[in-house]
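See structure below.
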Amino acid sequence: MDAMLGADFWIGLLKIVWINIILSGDNAVVIALAARGLPAHQQSKAIMLGSGAAVVLRIALTLVAAKLMQLPMVEIIGGVLLLWIGVGLLKGEDESEQSGDAVKVGMMAAVRTILLADLVMSLDNVIAVAAAAQGNLVLLVLGLAISIPLVIFGSTLMIKLMARFPAIVTLGAALIGWVAGETLASDHVLEGLIQAHPWLGHAAAVAGALLVVAVGKMWQARNAAPASGA
């Protein structure tokens with residue numbers, strides 16, 4: 001109890017909350033993209049379920065983050081998963097007209113997407129959080145729990161902006177592709193190559209963004225063609 005009343009505890013808590021505010025912007029975009037196709041009454045539920053479960057996973061991941069990040073191919077696999085998620089979110093499957101069990105399936109699919117994307121995108125973030133917590137599990141749990149409403153607010157705001165400005169959907173998918181490229185280039189397998197040619201890291205981020213947008217738009221066009229011909 002005395003430890004929780006000390007200045008170090010509160011400074012550490014503020015650090016974790018601030019880190020999450022700074023680093024949760026891209027996570028909020030993913031959550032908004034995953035939930036935007038759901039009916040309005042399902043969006044809030046999907047966001048809360050996905051965000052809450054993602055924080056629980058992030059706590060568990062933080063405990064093993066330092067060792068996990070040292071494993072080869074982890075970030076390459078994560079980057080490929082993010083590319084796949086980005087394309088899937090951009091292809092624009094309209095689930096807003098579904099009802100009953102179909103809506104439940106759509107909501108759970110959105111929650112799964114949120115969990116998977118948050119898990120991959122948080123690989124780097126959790127190291128900063130773990131450093132701020134300095135092994136204090138109470139501090140870690142409190143800091144991440146406080147960040148839940150911040151992510152939920154950011155995601156809800158993004159959904160409203162996406163509805164008003166559809167171009168944000170494409171920009172959001174491009175952001176996911178950018179993070180995917182950065183994640184791929186950060187893997188230890190490519191460490192020597194990136195150190196020798198630093199520009200490759202930036203090129204990978206740009207390539208990831210362009211790939212997600214290009215493939216997603218092609219997928220959208222292919223799905224729209226049968227509908228227009230019907």
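Naming works like this for the structure tokens: A, B, ... for the chains as they're shown, residue 1 at the start of each chain, ligands 1 onward in shown order.
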Open item on the list: Env of stretch 140-144 of chain A: 6 Å cut, atoms = only C-alpha atoms, seq-sep filter 2 positions within chain, self excluded. Answer as an NGL selection string.
Closed with: :A and (13 or 16-17 or 133 or 137-138 or 146-147)
Generate the output file for the selected residues, N, CA and C atoms, as a compact mmCIF listing (two decimals), in the first residue's frame.
# COMPACT_ATOMS: atom_id res chain seq x y z
N LEU A 13 2.73 5.59 -13.19
CA LEU A 13 1.36 5.47 -13.73
C LEU A 13 1.12 6.52 -14.81
N ILE A 16 2.84 5.49 -18.05
CA ILE A 16 2.15 4.44 -18.79
C ILE A 16 0.93 5.00 -19.52
N VAL A 17 0.15 5.83 -18.81
CA VAL A 17 -1.04 6.42 -19.44
C VAL A 17 -0.63 7.31 -20.61
N ALA A 133 6.69 0.51 -16.22
CA ALA A 133 6.15 -0.20 -15.05
C ALA A 133 7.25 -0.73 -14.14
N LEU A 137 3.44 -5.10 -11.37
CA LEU A 137 2.26 -5.61 -12.06
C LEU A 137 1.03 -4.76 -11.79
N VAL A 138 0.88 -4.27 -10.55
CA VAL A 138 -0.26 -3.41 -10.21
C VAL A 138 -0.23 -2.14 -11.05
N ILE A 146 -6.61 2.18 -17.40
CA ILE A 146 -6.98 3.58 -17.57
C ILE A 146 -6.99 3.97 -19.04
N SER A 147 -6.15 3.28 -19.83
CA SER A 147 -6.06 3.62 -21.25
C SER A 147 -7.27 3.13 -22.05
Which residues of stretch 100-216 of chain A come within 10 Å of stretch 29-53 of chain A, and what is each one's closest atom pair and distance in Å (one decimal), counting only C-alpha atoms, sorted by chain and residue number, as JSON lines?
{"residue": "A:Val103", "atom": "CA", "partner": "A:Leu38", "partner_atom": "CA", "distance": 7.5}
{"residue": "A:Lys104", "atom": "CA", "partner": "A:Gln42", "partner_atom": "CA", "distance": 8.7}
{"residue": "A:Gly106", "atom": "CA", "partner": "A:Leu38", "partner_atom": "CA", "distance": 7.1}
{"residue": "A:Met107", "atom": "CA", "partner": "A:Ala46", "partner_atom": "CA", "distance": 6.0}
{"residue": "A:Met108", "atom": "CA", "partner": "A:Ala46", "partner_atom": "CA", "distance": 7.5}
{"residue": "A:Ala109", "atom": "CA", "partner": "A:Ala34", "partner_atom": "CA", "distance": 8.4}
{"residue": "A:Ala110", "atom": "CA", "partner": "A:Ala34", "partner_atom": "CA", "distance": 5.1}
{"residue": "A:Val111", "atom": "CA", "partner": "A:Gly50", "partner_atom": "CA", "distance": 4.8}
{"residue": "A:Arg112", "atom": "CA", "partner": "A:Gly50", "partner_atom": "CA", "distance": 7.4}
{"residue": "A:Thr113", "atom": "CA", "partner": "A:Ala34", "partner_atom": "CA", "distance": 6.5}
{"residue": "A:Ile114", "atom": "CA", "partner": "A:Ile31", "partner_atom": "CA", "distance": 5.5}
{"residue": "A:Leu115", "atom": "CA", "partner": "A:Gly50", "partner_atom": "CA", "distance": 6.0}
{"residue": "A:Leu116", "atom": "CA", "partner": "A:Gly50", "partner_atom": "CA", "distance": 9.7}
{"residue": "A:Ala117", "atom": "CA", "partner": "A:Val30", "partner_atom": "CA", "distance": 7.1}
{"residue": "A:Asp118", "atom": "CA", "partner": "A:Val30", "partner_atom": "CA", "distance": 7.9}
{"residue": "A:Met121", "atom": "CA", "partner": "A:Val30", "partner_atom": "CA", "distance": 9.7}
{"residue": "A:Leu144", "atom": "CA", "partner": "A:Gly52", "partner_atom": "CA", "distance": 9.7}
{"residue": "A:Ala145", "atom": "CA", "partner": "A:Gly52", "partner_atom": "CA", "distance": 8.1}
{"residue": "A:Ser147", "atom": "CA", "partner": "A:Ser51", "partner_atom": "CA", "distance": 9.5}
{"residue": "A:Ile148", "atom": "CA", "partner": "A:Ser51", "partner_atom": "CA", "distance": 6.4}
{"residue": "A:Pro149", "atom": "CA", "partner": "A:Met48", "partner_atom": "CA", "distance": 8.7}
{"residue": "A:Leu150", "atom": "CA", "partner": "A:Ser51", "partner_atom": "CA", "distance": 9.9}
{"residue": "A:Val151", "atom": "CA", "partner": "A:Ser51", "partner_atom": "CA", "distance": 7.1}
{"residue": "A:Ile152", "atom": "CA", "partner": "A:Ile47", "partner_atom": "CA", "distance": 6.4}
{"residue": "A:Phe153", "atom": "CA", "partner": "A:Ile47", "partner_atom": "CA", "distance": 9.5}
{"residue": "A:Gly154", "atom": "CA", "partner": "A:Val29", "partner_atom": "CA", "distance": 8.0}
{"residue": "A:Ser155", "atom": "CA", "partner": "A:Ala32", "partner_atom": "CA", "distance": 4.9}
{"residue": "A:Thr156", "atom": "CA", "partner": "A:Ala32", "partner_atom": "CA", "distance": 6.8}
{"residue": "A:Leu157", "atom": "CA", "partner": "A:Ala32", "partner_atom": "CA", "distance": 8.3}
{"residue": "A:Met158", "atom": "CA", "partner": "A:Ala32", "partner_atom": "CA", "distance": 5.8}
{"residue": "A:Ile159", "atom": "CA", "partner": "A:Ala32", "partner_atom": "CA", "distance": 5.2}
{"residue": "A:Lys160", "atom": "CA", "partner": "A:Arg36", "partner_atom": "CA", "distance": 8.8}
{"residue": "A:Leu161", "atom": "CA", "partner": "A:Ala32", "partner_atom": "CA", "distance": 9.7}
{"residue": "A:Met162", "atom": "CA", "partner": "A:Arg36", "partner_atom": "CA", "distance": 8.0}
{"residue": "A:Ala163", "atom": "CA", "partner": "A:Arg36", "partner_atom": "CA", "distance": 8.2}
{"residue": "A:Ile168", "atom": "CA", "partner": "A:Val29", "partner_atom": "CA", "distance": 9.4}
{"residue": "A:Val169", "atom": "CA", "partner": "A:Leu33", "partner_atom": "CA", "distance": 6.9}
{"residue": "A:Thr170", "atom": "CA", "partner": "A:Leu33", "partner_atom": "CA", "distance": 9.7}
{"residue": "A:Leu171", "atom": "CA", "partner": "A:Val29", "partner_atom": "CA", "distance": 9.5}
{"residue": "A:Gly172", "atom": "CA", "partner": "A:Val29", "partner_atom": "CA", "distance": 6.0}
{"residue": "A:Ala173", "atom": "CA", "partner": "A:Leu33", "partner_atom": "CA", "distance": 8.0}
{"residue": "A:Leu175", "atom": "CA", "partner": "A:Val29", "partner_atom": "CA", "distance": 8.4}
{"residue": "A:Ile176", "atom": "CA", "partner": "A:Val30", "partner_atom": "CA", "distance": 7.4}
Task: Contact residues around A:Val87 with only C-alpha atoms at 8 Å, ignoring same-chain residues under 2 positions, as a list in words - done: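 Once the adjacent positions are removed, what remains is Leu83, Trp84, Ile85, Leu89, Leu90, Lys91, Ala173, Val212, Val213, Val215 and Gly216 of chain A.
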Open item on the list: Set the distance at 10 Å and use only C-alpha atoms: which residues neighbour A:Leu211 once local chain neighbours fewer than 2 positions away are removed? I'd like the list as a list in words.
Closed with: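 The residues that qualify are Leu83, Gly86, Val87, Ala174, Gly177, Trp178, Gly181, Ala205, Val206, Ala207, Gly208, Ala209, Val213, Ala214, Val215, Gly216 and Lys217 of chain A.
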Could those residues be written to a file, using C-alpha atoms, as a short mmCIF file (atom, residue, chain, number, x, y, z; two decimals), in the first residue's frame?
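In the end it all went to out03.cif:
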data_model
loop_
_atom_site.label_atom_id
_atom_site.label_comp_id
_atom_site.auth_asym_id
_atom_site.auth_seq_id
_atom_site.Cartn_x
_atom_site.Cartn_y
_atom_site.Cartn_z
CA LEU A 83 -0.94 -6.42 -44.36
CA GLY A 86 -5.34 -3.89 -43.72
CA VAL A 87 -6.48 -5.29 -47.06
CA ALA A 174 -2.71 2.95 -45.54
CA GLY A 177 0.08 -0.94 -44.20
CA TRP A 178 2.72 1.60 -43.13
CA GLY A 181 6.07 -2.37 -43.42
CA ALA A 205 6.74 1.37 -44.71
CA VAL A 206 5.79 3.17 -47.94
CA ALA A 207 5.55 -0.13 -49.83
CA GLY A 208 3.29 -1.57 -47.14
CA ALA A 209 0.94 1.41 -47.31
CA VAL A 213 -4.39 0.45 -50.63
CA ALA A 214 -3.75 -1.04 -54.10
CA VAL A 215 -4.86 -4.59 -53.25
CA GLY A 216 -7.80 -3.33 -51.17
CA LYS A 217 -9.04 -1.08 -53.98
#
TODO: Work out how far atom CA of A:Leu14 is from atom CA of A:Val55, in Å to one decimal.
DONE: 17.0 Å
Task: Length of the atom CA of A:Lys15 to atom CA of A:Glu191 vector [Å] - done: 28.9 Å
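Minimum atom-to-atom distances from A:His202, A:Gly88, A:Leu57, A:Ile194 to A:Met218 were compared using only C-alpha atoms, and the lowest value belongs to A:Gly88.
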Open item on the list: Just checking: using only C-alpha atoms, which residue out of A:Leu139, A:Ala204, A:Val120, A:Ile11 ends up closest to A:Ile77?
Closed with: A:Val120
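Ranking A:Leu210, A:Ser186, A:Ala203, A:Leu193 by their shortest atom-to-atom distance to A:Ile76, with only C-alpha atoms included, puts A:Ser186 first.
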TODO: Report the distance between atom CA of A:Val64 and atom CA of A:Ala7 in Å, rounded to one decimal place.
DONE: 26.7 Å
Open item on the list: Which residues are close to A:Met73, i.e. within 12 Å by only C-alpha atoms, leaving aside same-chain residues fewer than 2 positions away? Reply as a PyMOL selection string.
Closed with: chain A and resi 68-71+75-80+183-191
